[in-house]
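For reference, model_6.tsv (TSV, C-alpha atoms):
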```
chain	number	residue	atom	x	y	z
A	1	MET	CA	33.30	173.90	54.69
A	2	LYS	CA	33.75	172.17	51.35
A	3	LYS	CA	30.42	170.49	51.87
A	4	ILE	CA	28.77	173.81	52.52
A	5	THR	CA	30.27	175.25	49.36
A	6	LEU	CA	28.95	172.29	47.43
A	7	LEU	CA	25.58	172.73	49.03
A	8	LEU	CA	25.59	176.35	48.13
A	9	ALA	CA	26.06	175.29	44.59
A	10	LEU	CA	23.01	173.19	45.28
A	11	LEU	CA	21.36	176.22	46.86
A	12	VAL	CA	20.81	177.03	43.86
A	13	SER	CA	20.54	173.78	42.38
A	14	CYS	CA	17.58	172.22	40.98
A	15	THR	CA	16.61	168.73	40.45
A	16	ILE	CA	14.36	167.10	38.54
A	17	GLY	CA	10.92	166.52	37.52
A	18	ILE	CA	9.57	163.64	35.59
A	19	SER	CA	8.37	165.84	32.76
A	20	GLN	CA	8.84	169.38	31.62
A	21	SER	CA	6.48	172.14	32.62
A	22	LEU	CA	3.03	172.12	31.04
A	23	THR	CA	3.28	175.87	30.57
A	24	THR	CA	6.42	175.44	28.41
A	25	GLN	CA	4.69	172.79	26.31
A	26	GLN	CA	1.66	175.03	25.80
A	27	LEU	CA	3.88	178.00	24.98
A	28	ALA	CA	5.68	176.08	22.23
A	29	ARG	CA	2.33	174.96	20.80
A	30	LYS	CA	0.79	178.45	21.00
A	31	PHE	CA	3.50	180.10	18.92
A	32	ASP	CA	3.70	178.19	15.64
A	33	GLY	CA	6.90	179.92	14.59
A	34	ALA	CA	8.69	179.09	17.83
A	35	LEU	CA	12.06	177.37	17.58
A	36	SER	CA	12.00	174.30	19.84
A	37	LEU	CA	15.05	172.18	20.52
A	38	TYR	CA	15.72	169.36	22.93
A	39	PHE	CA	19.11	168.94	24.52
A	40	TYR	CA	20.16	165.73	26.21
A	41	LYS	CA	23.25	165.20	28.32
A	42	ASN	CA	25.37	164.18	25.33
A	43	THR	CA	24.14	167.07	23.18
A	44	LEU	CA	25.07	169.50	25.92
A	45	ARG	CA	28.46	167.85	26.23
A	46	MET	CA	29.03	168.41	22.50
A	47	LEU	CA	28.57	172.14	23.03
A	48	ASN	CA	31.59	172.19	25.29
A	49	GLN	CA	34.08	172.68	22.45
A	50	SER	CA	36.60	174.39	24.71
A	51	GLU	CA	36.45	171.40	27.08
A	52	SER	CA	35.77	173.67	30.01
A	53	LYS	CA	35.70	171.73	33.27
A	54	GLU	CA	33.36	174.35	34.72
A	55	PHE	CA	30.83	173.73	31.95
A	56	ASP	CA	31.15	169.95	32.32
A	57	ASP	CA	30.39	170.31	36.03
A	58	LEU	CA	27.47	172.57	35.24
A	59	ILE	CA	25.74	170.12	32.91
A	60	LYS	CA	26.70	166.82	34.51
A	61	ASP	CA	23.37	166.41	36.28
A	62	ILE	CA	21.10	167.79	33.57
A	63	GLU	CA	19.08	164.94	32.11
A	64	LYS	CA	17.17	166.87	29.51
A	65	MET	CA	16.51	170.45	28.58
A	66	LYS	CA	13.87	171.95	26.35
A	67	PHE	CA	14.88	175.14	24.56
A	68	VAL	CA	12.09	177.32	23.16
A	69	MET	CA	12.72	180.59	21.34
A	70	ILE	CA	9.90	182.97	20.43
A	71	ASP	CA	10.18	186.15	18.43
A	72	LYS	CA	8.57	189.04	20.27
A	73	ALA	CA	7.01	190.23	17.03
A	74	ASP	CA	4.64	187.27	17.49
A	75	LYS	CA	2.50	189.32	19.90
A	76	LEU	CA	4.55	188.49	22.95
A	77	ASP	CA	4.38	191.82	24.78
A	78	GLY	CA	4.95	192.67	28.44
A	79	LYS	CA	1.38	191.72	29.35
A	80	ALA	CA	1.75	188.29	27.71
A	81	TYR	CA	5.08	187.79	29.49
A	82	LYS	CA	3.48	188.59	32.84
A	83	ALA	CA	0.69	186.11	32.07
A	84	LEU	CA	3.32	183.50	31.21
A	85	THR	CA	5.12	183.92	34.54
A	86	ASN	CA	1.75	183.63	36.30
A	87	GLU	CA	1.14	180.32	34.53
A	88	TYR	CA	4.45	178.99	35.85
A	89	LYS	CA	3.47	180.17	39.34
A	90	LYS	CA	0.17	178.29	39.02
A	91	GLU	CA	2.27	175.18	38.38
A	92	SER	CA	3.97	175.89	41.74
A	93	PHE	CA	7.14	177.30	40.21
A	94	GLU	CA	8.45	180.03	42.50
A	95	PRO	CA	10.76	182.88	41.50
A	96	VAL	CA	14.19	182.41	43.10
A	97	MET	CA	16.40	184.74	41.14
A	98	THR	CA	16.22	187.55	38.62
A	99	SER	CA	19.17	189.11	36.90
A	100	ARG	CA	20.10	191.37	34.02
A	101	HIS	CA	23.33	191.15	32.10
A	102	GLN	CA	24.30	192.67	28.75
A	103	GLY	CA	20.74	193.65	27.85
A	104	ARG	CA	19.24	190.28	28.71
A	105	ASN	CA	16.91	189.67	31.61
A	106	PHE	CA	16.95	186.31	33.35
A	107	ASP	CA	14.03	185.12	35.48
A	108	ILE	CA	14.56	181.80	37.22
A	109	PHE	CA	11.80	179.70	38.73
A	110	VAL	CA	12.12	176.57	40.83
A	111	LYS	CA	9.50	174.02	41.75
A	112	ASP	CA	10.21	172.02	44.89
A	113	LYS	CA	8.66	169.61	47.30
A	114	LYS	CA	9.58	170.19	50.95
A	115	GLY	CA	12.88	171.74	49.91
A	116	SER	CA	13.75	169.11	47.31
A	117	PRO	CA	13.80	170.77	43.90
A	118	LEU	CA	11.59	169.20	41.22
A	119	GLY	CA	12.30	171.37	38.21
A	120	THR	CA	13.76	174.64	36.94
A	121	VAL	CA	12.66	177.14	34.32
A	122	VAL	CA	14.97	179.89	33.06
A	123	LEU	CA	13.35	182.69	31.05
A	124	VAL	CA	15.78	184.80	29.02
A	125	ASN	CA	14.21	187.96	27.76
A	126	ASP	CA	15.67	190.66	25.53
A	127	SER	CA	14.29	193.29	23.20
A	128	THR	CA	13.72	190.87	20.32
A	129	SER	CA	13.00	187.43	21.73
A	130	LEU	CA	12.05	185.24	24.64
A	131	ILE	CA	14.01	182.07	25.30
A	132	VAL	CA	12.85	179.37	27.70
A	133	LEU	CA	15.20	176.77	29.17
A	134	ASP	CA	13.04	174.12	30.83
A	135	ILE	CA	15.41	171.83	32.67
A	136	ILE	CA	15.00	168.31	33.96
A	137	GLY	CA	17.96	167.54	36.12
A	138	THR	CA	20.17	169.44	38.47
A	139	MET	CA	22.23	172.52	37.84
A	140	ASP	CA	23.70	175.44	39.69
A	141	ILE	CA	21.23	178.14	38.73
A	142	THR	CA	23.65	180.93	39.57
A	143	LYS	CA	25.41	179.76	36.41
A	144	ALA	CA	22.32	179.92	34.19
A	145	TYR	CA	24.00	182.72	32.24
A	146	THR	CA	27.03	180.50	31.48
A	147	LEU	CA	24.75	177.75	30.18
A	148	PHE	CA	22.74	180.16	28.06
A	149	ASN	CA	25.85	181.88	26.75
A	150	THR	CA	27.44	178.59	25.71
A	151	ILE	CA	24.31	177.59	23.81
A	152	ASP	CA	24.11	181.05	22.25
A	153	ASN	CA	27.77	180.96	21.18
A	154	SER	CA	27.74	177.42	19.88
A	155	THR	CA	28.21	177.71	16.12
A	156	ASP	CA	25.47	175.34	15.07
A	157	ILE	CA	22.87	176.38	17.62
A	158	GLY	CA	23.88	180.01	17.21
A	159	ASN	CA	23.30	179.75	13.46
A	160	ARG	CA	19.89	178.22	13.99
A	161	ILE	CA	19.01	181.04	16.36
A	162	LYS	CA	20.32	183.59	13.86
A	163	ASN	CA	18.36	181.98	11.02
A	164	PHE	CA	15.25	181.98	13.18
A	165	VAL	CA	15.60	185.69	13.93
A	166	ASP	CA	16.41	186.54	10.29
A	167	LYS	CA	13.39	184.54	9.11
A	168	ASP	CA	11.14	186.55	11.38
A	169	LYS	CA	12.67	189.85	10.32
A	170	LYS	CA	12.02	188.89	6.69
A	171	LYS	CA	8.46	187.84	7.54
A	172	ASN	CA	7.85	191.23	9.19
A	173	LYS	CA	9.19	193.09	6.17
A	174	ASP	CA	6.82	191.16	3.87
B	1	MET	CA	-13.83	202.12	52.17
B	2	LYS	CA	-12.42	200.35	55.23
B	3	LYS	CA	-11.01	197.67	52.95
B	4	LEU	CA	-9.35	200.32	50.80
B	5	ILE	CA	-7.78	201.98	53.85
B	6	SER	CA	-6.57	198.57	55.07
B	7	ALA	CA	-5.10	197.81	51.66
B	8	VAL	CA	-3.32	201.19	51.55
B	9	ALA	CA	-2.02	200.60	55.08
B	10	LEU	CA	-0.73	197.16	54.08
B	11	VAL	CA	1.00	198.51	50.99
B	12	THR	CA	2.59	201.28	53.07
B	13	LEU	CA	3.71	198.79	55.71
B	14	ALA	CA	5.17	196.54	53.05
B	15	GLN	CA	7.08	199.46	51.56
B	16	VAL	CA	8.40	200.50	54.96
B	17	ALA	CA	9.43	196.91	55.72
B	18	PHE	CA	11.21	196.63	52.37
B	19	ALA	CA	12.99	199.92	52.90
B	20	GLN	CA	14.18	198.69	56.27
B	21	HIS	CA	15.45	195.46	54.79
B	22	ASP	CA	17.29	197.13	52.00
B	23	ALA	CA	19.01	200.34	53.01
B	24	ILE	CA	20.28	201.20	49.59
B	25	SER	CA	17.04	200.50	47.77
B	26	LYS	CA	17.05	204.15	46.65
B	27	PHE	CA	20.28	203.50	44.84
B	28	PHE	CA	18.88	200.33	43.29
B	29	THR	CA	15.69	202.14	42.28
B	30	LYS	CA	17.70	204.91	40.64
B	31	TYR	CA	19.77	202.58	38.46
B	32	GLN	CA	17.61	199.47	38.07
B	33	ASN	CA	16.37	200.51	34.62
B	34	ASP	CA	19.81	201.58	33.45
B	35	GLU	CA	20.82	198.77	31.11
B	36	THR	CA	24.51	199.54	31.51
B	37	PHE	CA	24.22	198.01	34.99
B	38	SER	CA	24.03	194.28	35.62
B	39	GLN	CA	21.77	193.26	38.43
B	40	VAL	CA	20.89	190.17	40.42
B	41	THR	CA	18.08	189.61	42.89
B	42	VAL	CA	17.81	186.41	44.91
B	43	SER	CA	14.56	185.75	46.77
B	44	SER	CA	14.04	184.23	50.21
B	45	LYS	CA	12.73	181.09	48.51
B	46	MET	CA	16.25	180.26	47.37
B	47	PHE	CA	17.60	180.45	50.91
B	48	ASN	CA	14.56	178.63	52.35
B	49	MET	CA	15.50	175.61	50.28
B	50	PHE	CA	18.32	174.99	52.76
B	51	THR	CA	16.01	174.69	55.71
B	52	ASN	CA	15.42	170.95	55.38
B	53	LEU	CA	18.98	169.94	54.53
B	54	GLU	CA	21.02	168.08	57.10
B	55	MET	CA	24.81	167.95	57.35
B	56	ASP	CA	27.08	165.42	59.02
B	57	LYS	CA	29.37	167.96	60.66
B	58	LYS	CA	28.02	170.30	63.32
B	59	GLU	CA	30.11	173.15	61.92
B	60	ASP	CA	28.66	172.71	58.43
B	61	GLN	CA	25.14	172.47	59.83
B	62	GLU	CA	25.61	175.78	61.64
B	63	VAL	CA	26.64	177.54	58.44
B	64	LEU	CA	23.75	175.95	56.58
B	65	ASN	CA	21.31	177.06	59.26
B	66	ALA	CA	22.74	180.56	59.03
B	67	ILE	CA	22.24	180.62	55.25
B	68	SER	CA	18.66	179.39	55.55
B	69	LYS	CA	17.84	182.46	57.67
B	70	LEU	CA	18.78	184.88	54.90
B	71	LYS	CA	15.86	186.63	53.26
B	72	GLY	CA	17.33	188.13	50.13
B	73	LEU	CA	20.29	189.32	48.14
B	74	ARG	CA	20.54	192.20	45.67
B	75	ILE	CA	23.50	193.12	43.53
B	76	LEU	CA	23.95	196.03	41.18
B	77	ALA	CA	27.19	196.12	39.21
B	78	LYS	CA	28.79	197.99	36.36
B	79	GLU	CA	31.80	196.93	34.35
B	80	GLU	CA	33.89	199.24	32.19
B	81	ALA	CA	32.48	202.11	34.21
B	82	ARG	CA	34.39	205.34	33.70
B	83	ASN	CA	32.39	206.85	36.55
B	84	SER	CA	33.04	203.98	38.99
B	85	ARG	CA	34.59	206.25	41.63
B	86	GLU	CA	31.62	208.64	41.49
B	87	LEU	CA	29.20	205.71	41.78
B	88	TYR	CA	31.18	204.42	44.75
B	89	LYS	CA	30.91	207.79	46.51
B	90	GLU	CA	27.24	208.13	45.60
B	91	ALA	CA	26.37	204.68	47.01
B	92	LEU	CA	28.24	205.42	50.24
B	93	GLY	CA	26.44	208.76	50.47
B	94	MET	CA	23.05	207.06	50.20
B	95	LEU	CA	23.76	204.64	53.03
B	96	PRO	CA	22.09	205.82	56.26
B	97	MET	CA	25.20	205.90	58.45
B	98	LYS	CA	23.17	206.32	61.65
B	99	GLU	CA	21.78	202.83	61.16
B	100	PHE	CA	24.94	201.15	59.94
B	101	GLU	CA	28.41	200.61	61.29
B	102	GLU	CA	31.48	199.82	59.24
B	103	LEU	CA	32.53	196.20	59.56
B	104	MET	CA	35.59	196.15	57.37
B	105	SER	CA	37.29	198.07	54.60
B	106	VAL	CA	39.71	196.73	52.02
B	107	ARG	CA	42.00	198.90	49.94
B	108	ASP	CA	43.60	197.09	47.08
B	109	LYS	CA	45.92	198.75	44.56
B	110	ASP	CA	43.03	199.34	42.15
B	111	LYS	CA	39.93	198.78	44.25
B	112	ASP	CA	38.26	200.07	47.42
B	113	MET	CA	35.73	198.00	49.31
B	114	LYS	CA	33.69	198.76	52.36
B	115	PHE	CA	31.42	196.45	54.34
B	116	PHE	CA	28.68	197.77	56.60
B	117	ILE	CA	26.32	196.01	58.95
B	118	LYS	CA	23.06	196.92	60.59
B	119	GLU	CA	22.71	195.21	63.95
B	120	THR	CA	19.18	194.27	65.04
B	121	SER	CA	20.17	192.66	68.36
B	122	PRO	CA	23.54	191.86	69.94
B	123	GLY	CA	25.37	189.51	67.56
B	124	LYS	CA	22.53	189.50	65.04
B	125	ILE	CA	22.70	191.49	61.86
B	126	GLY	CA	19.69	192.49	59.80
B	127	GLU	CA	21.59	193.64	56.75
B	128	LEU	CA	25.07	193.53	55.28
B	129	VAL	CA	26.03	196.03	52.61
B	130	MET	CA	29.14	195.86	50.48
B	131	VAL	CA	30.21	198.75	48.25
B	132	ALA	CA	33.15	198.27	45.89
B	133	GLY	CA	34.66	200.69	43.43
B	134	GLY	CA	37.68	200.18	41.23
B	135	ASN	CA	39.25	202.03	38.33
B	136	ASP	CA	36.57	200.86	35.95
B	137	GLU	CA	34.22	198.64	37.92
B	138	PHE	CA	31.61	199.19	40.57
B	139	MET	CA	29.42	196.94	42.67
B	140	VAL	CA	26.95	197.35	45.48
B	141	LEU	CA	25.51	194.35	47.29
B	142	SER	CA	22.86	194.06	49.97
B	143	LEU	CA	22.33	190.84	51.89
B	144	PHE	CA	19.45	190.87	54.33
B	145	GLY	CA	17.56	188.63	56.73
B	146	GLU	CA	18.90	187.23	59.97
B	147	ILE	CA	22.67	187.20	59.60
B	148	ASP	CA	24.77	185.48	62.25
B	149	LEU	CA	27.88	187.55	62.92
B	150	LYS	CA	29.81	184.42	63.94
B	151	GLN	CA	29.09	182.79	60.58
B	152	ILE	CA	29.45	185.82	58.36
B	153	GLY	CA	32.96	184.96	57.14
B	154	LYS	CA	31.89	181.44	56.15
B	155	ILE	CA	28.67	182.67	54.52
B	156	GLY	CA	30.74	185.12	52.48
B	157	ALA	CA	33.21	182.40	51.43
B	158	SER	CA	30.35	180.10	50.39
B	159	MET	CA	28.61	182.60	48.17
B	160	HIS	CA	31.17	182.69	45.33
B	161	ILE	CA	30.52	186.38	44.78
B	162	ASP	CA	33.48	188.58	43.93
B	163	GLY	CA	34.36	190.69	46.92
B	164	LEU	CA	32.11	188.93	49.40
B	165	ASP	CA	34.79	186.31	49.93
B	166	GLU	CA	36.87	189.08	51.54
B	167	LEU	CA	34.70	188.51	54.62
B	168	LYS	CA	36.72	185.40	55.38
B	169	LYS	CA	39.43	187.81	56.51
B	170	ILE	CA	37.25	188.47	59.54
B	171	ASP	CA	37.56	184.80	60.53
B	172	GLU	CA	41.30	184.90	59.81
B	173	LYS	CA	41.66	187.90	62.17
B	174	LYS	CA	39.68	186.03	64.84
B	175	ASN	CA	42.10	183.12	64.63
```
Output the structure of this file as structure tokens.
Amino acid sequence: MKKITLLLALLVSCTIGISQSLTTQQLARKFDGALSLYFYKNTLRMLNQSESKEFDDLIKDIEKMKFVMIDKADKLDGKAYKALTNEYKKESFEPVMTSRHQGRNFDIFVKDKKGSPLGTVVLVNDSTSLIVLDIIGTMDITKAYTLFNTIDNSTDIGNRIKNFVDKDKKKNKD
Amino acid sequence: MKKLISAVALVTLAQVAFAQHDAISKFFTKYQNDETFSQVTVSSKMFNMFTNLEMDKKEDQEVLNAISKLKGLRILAKEEARNSRELYKEALGMLPMKEFEELMSVRDKDKDMKFFIKETSPGKIGELVMVAGGNDEFMVLSLFGEIDLKQIGKIGASMHIDGLDELKKIDEKKN
């Protein structure tokens, strides 16, 4: 039964492609003002300030993660979002889970080969911004919210996100 | 014109099929745009990813096979809900009781939970619905596909979803 439980965590798990999605790369290039960050295993470990075992388990098999944040004021409307999800589908990413929590919508896509996952993309969408987590490695995607929340609450990363949003608000005022 | 009629027929069929798979879709439809609710939808693709996995133990393989036959999962939940009891009653009222039978009910000191199943053939369940209402929290869950009654307790325990793990009590009663 323990094995099944572990597998269910894998249910849900995603492994690993050699490179990140082309769509994510193009998205970051298309929006000049996008905030792009790379997280490696050690960087993710540094975010775990509370030394949560659950978070350590969550990130232990993530090799690399690209984080892209785009302000919706940069002409990223519902139509553009739909087009973006279609681009991921063209790359053989399939939707496996959608969720909404505290005003944020999560769309999770997995690319696999005969049941073996090759990559995962998590799109986090709220009223002001779109965030893409493009993951190389394995993680329990039912815990995508925990991963996102930890990044969001991390002081340094959180400040960079806040600065990014403030910069765009200022730009819009001008 | 024929193509249009065929397309309309297909759309209608798809809607009917979806409605059959998800008895409380009306409830979901009503509250899906209400941002005070959290929601989760898991597609069949997620469950299909289990199809090619192999386990050492026969017992584990049986549970895995059972999970791979699931077609979807939907959850709608509300925390800090003052109207949780009303939502609980409303969800139960929307469930077509002619199609479902009660599998189990749990009454905790601050929470009520009811599980319903829709049997498609003897021992095979097409849908499992869980409705839970507490003093300030509410959740409705619909799991559909081909659900093996013998494995339902283990499936519930594997899912790590609050409330669904109560299904293991069915196995405990069996033993």
Check: which chain B residues lie within 10 Å of chain A using only C-alpha atoms, as a VMD selection string: chain B and resid 32 to 53 55 to 57 59 to 64 67 to 68 72 to 78 154 to 155 157 to 160
Restrict the selected residues to C-alpha atoms and save them as a short mmCIF file (atom, residue, chain, number, x, y, z; two decimals), in the coordinates of the input.
```cif
data_model
loop_
_atom_site.label_atom_id
_atom_site.label_comp_id
_atom_site.auth_asym_id
_atom_site.auth_seq_id
_atom_site.Cartn_x
_atom_site.Cartn_y
_atom_site.Cartn_z
CA GLN B 32 17.61 199.47 38.07
CA ASN B 33 16.37 200.51 34.62
CA ASP B 34 19.81 201.58 33.45
CA GLU B 35 20.82 198.77 31.11
CA THR B 36 24.51 199.54 31.51
CA PHE B 37 24.22 198.01 34.99
CA SER B 38 24.03 194.28 35.62
CA GLN B 39 21.77 193.26 38.43
CA VAL B 40 20.89 190.17 40.42
CA THR B 41 18.08 189.61 42.89
CA VAL B 42 17.81 186.41 44.91
CA SER B 43 14.56 185.75 46.77
CA SER B 44 14.04 184.23 50.21
CA LYS B 45 12.73 181.09 48.51
CA MET B 46 16.25 180.26 47.37
CA PHE B 47 17.60 180.45 50.91
CA ASN B 48 14.56 178.63 52.35
CA MET B 49 15.50 175.61 50.28
CA PHE B 50 18.32 174.99 52.76
CA THR B 51 16.01 174.69 55.71
CA ASN B 52 15.42 170.95 55.38
CA LEU B 53 18.98 169.94 54.53
CA MET B 55 24.81 167.95 57.35
CA ASP B 56 27.08 165.42 59.02
CA LYS B 57 29.37 167.96 60.66
CA GLU B 59 30.11 173.15 61.92
CA ASP B 60 28.66 172.71 58.43
CA GLN B 61 25.14 172.47 59.83
CA GLU B 62 25.61 175.78 61.64
CA VAL B 63 26.64 177.54 58.44
CA LEU B 64 23.75 175.95 56.58
CA ILE B 67 22.24 180.62 55.25
CA SER B 68 18.66 179.39 55.55
CA GLY B 72 17.33 188.13 50.13
CA LEU B 73 20.29 189.32 48.14
CA ARG B 74 20.54 192.20 45.67
CA ILE B 75 23.50 193.12 43.53
CA LEU B 76 23.95 196.03 41.18
CA ALA B 77 27.19 196.12 39.21
CA LYS B 78 28.79 197.99 36.36
CA LYS B 154 31.89 181.44 56.15
CA ILE B 155 28.67 182.67 54.52
CA ALA B 157 33.21 182.40 51.43
CA SER B 158 30.35 180.10 50.39
CA MET B 159 28.61 182.60 48.17
CA HIS B 160 31.17 182.69 45.33
#
```
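Proximity to Met94 (chain B) was assessed for B:Val131, B:Ile125, B:Met113, B:Leu143 counting all atoms listed in the file; the smallest distance is recorded for B:Val131.
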One-decimal distance in Å that lies between CA of Ile70 (chain A) and CA of Thr128 (chain A): 8.8 Å
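If only C-alpha atoms are the atoms counted, then among B:Glu119, B:Asp110, B:Glu99, B:Glu166 the closest residue to Glu137 (chain B) is B:Asp110.
Between Lys69 (chain B) and the candidates B:Ile117, B:Ile147, B:Ile161, B:Ala132, the tightest atom-to-atom separation, counting all atoms listed in the file, involves B:Ile147.
A straight line drawn from CA of Asn153 (chain A) to CA of Tyr31 (chain B) is 28.8 Å long.
Across the structure, CA of Lys168 (chain B) and CA of Met130 (chain B) are spaced 13.8 Å apart.
Nearest residue to Leu118 (chain A), choosing from A:Glu91, A:Ile59, A:Ala80, A:Leu133 and counting all atoms listed in the file: A:Glu91.
The shortest atom-to-atom distance to Val140 (chain B), with all atoms listed in the file taken into account, belongs to B:Glu90 out of B:Glu54, B:Glu90, B:Glu80, B:Asp165.
Excluding Thr43 (chain A) itself and any same-chain residue fewer than 4 positions from it, the protein and nucleic acid residues within 12 Å of it, counting all atoms listed in the file, are Leu37, Tyr38, Phe39, Leu47, Asn48, Gln49, Asp56, Ile59, Lys60, Ile62, Glu63, Lys64, Met65, Lys66, Ile151, Ser154, Asp156 and Ile157 of chain A.
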Close residues, Asp134 (chain A) itself excluded, 7 Å, all atoms listed in the file, min 3 positions apart in chain, as an MDAnalysis selection string: chainID A and resid 20 65:67 120:122
Kindly compute an axis-aligned box around the listed atoms of region 152-161 of chain B, allowing 6 Å on each side, and express its centre and edge lengths in Å to one decimal as JSON.
```
{"center_x": 30.9, "center_y": 183.2, "center_z": 51.6, "size_x": 16.6, "size_y": 18.3, "size_z": 25.6}
```
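Minimum atom-to-atom distance to Ala73 (chain A), evaluated using only C-alpha atoms, belongs to A:Phe31 out of A:Tyr40, A:Phe31, A:Phe55, A:Tyr145.
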Residues within 6 Å of (34.0, 198.3, 56.1), file coords, all atoms listed in the file, listed as a ChimeraX atom specification: /B:102-105,114-116
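Residues of protein, DNA or RNA having at least one counted atom within 7 Å of (14.9, 177.9, 22.1), given all atoms listed in the file, are A:Leu35, A:Ser36, A:Leu37, A:Phe67, A:Val68, A:Met69, A:Ile131, A:Val132.
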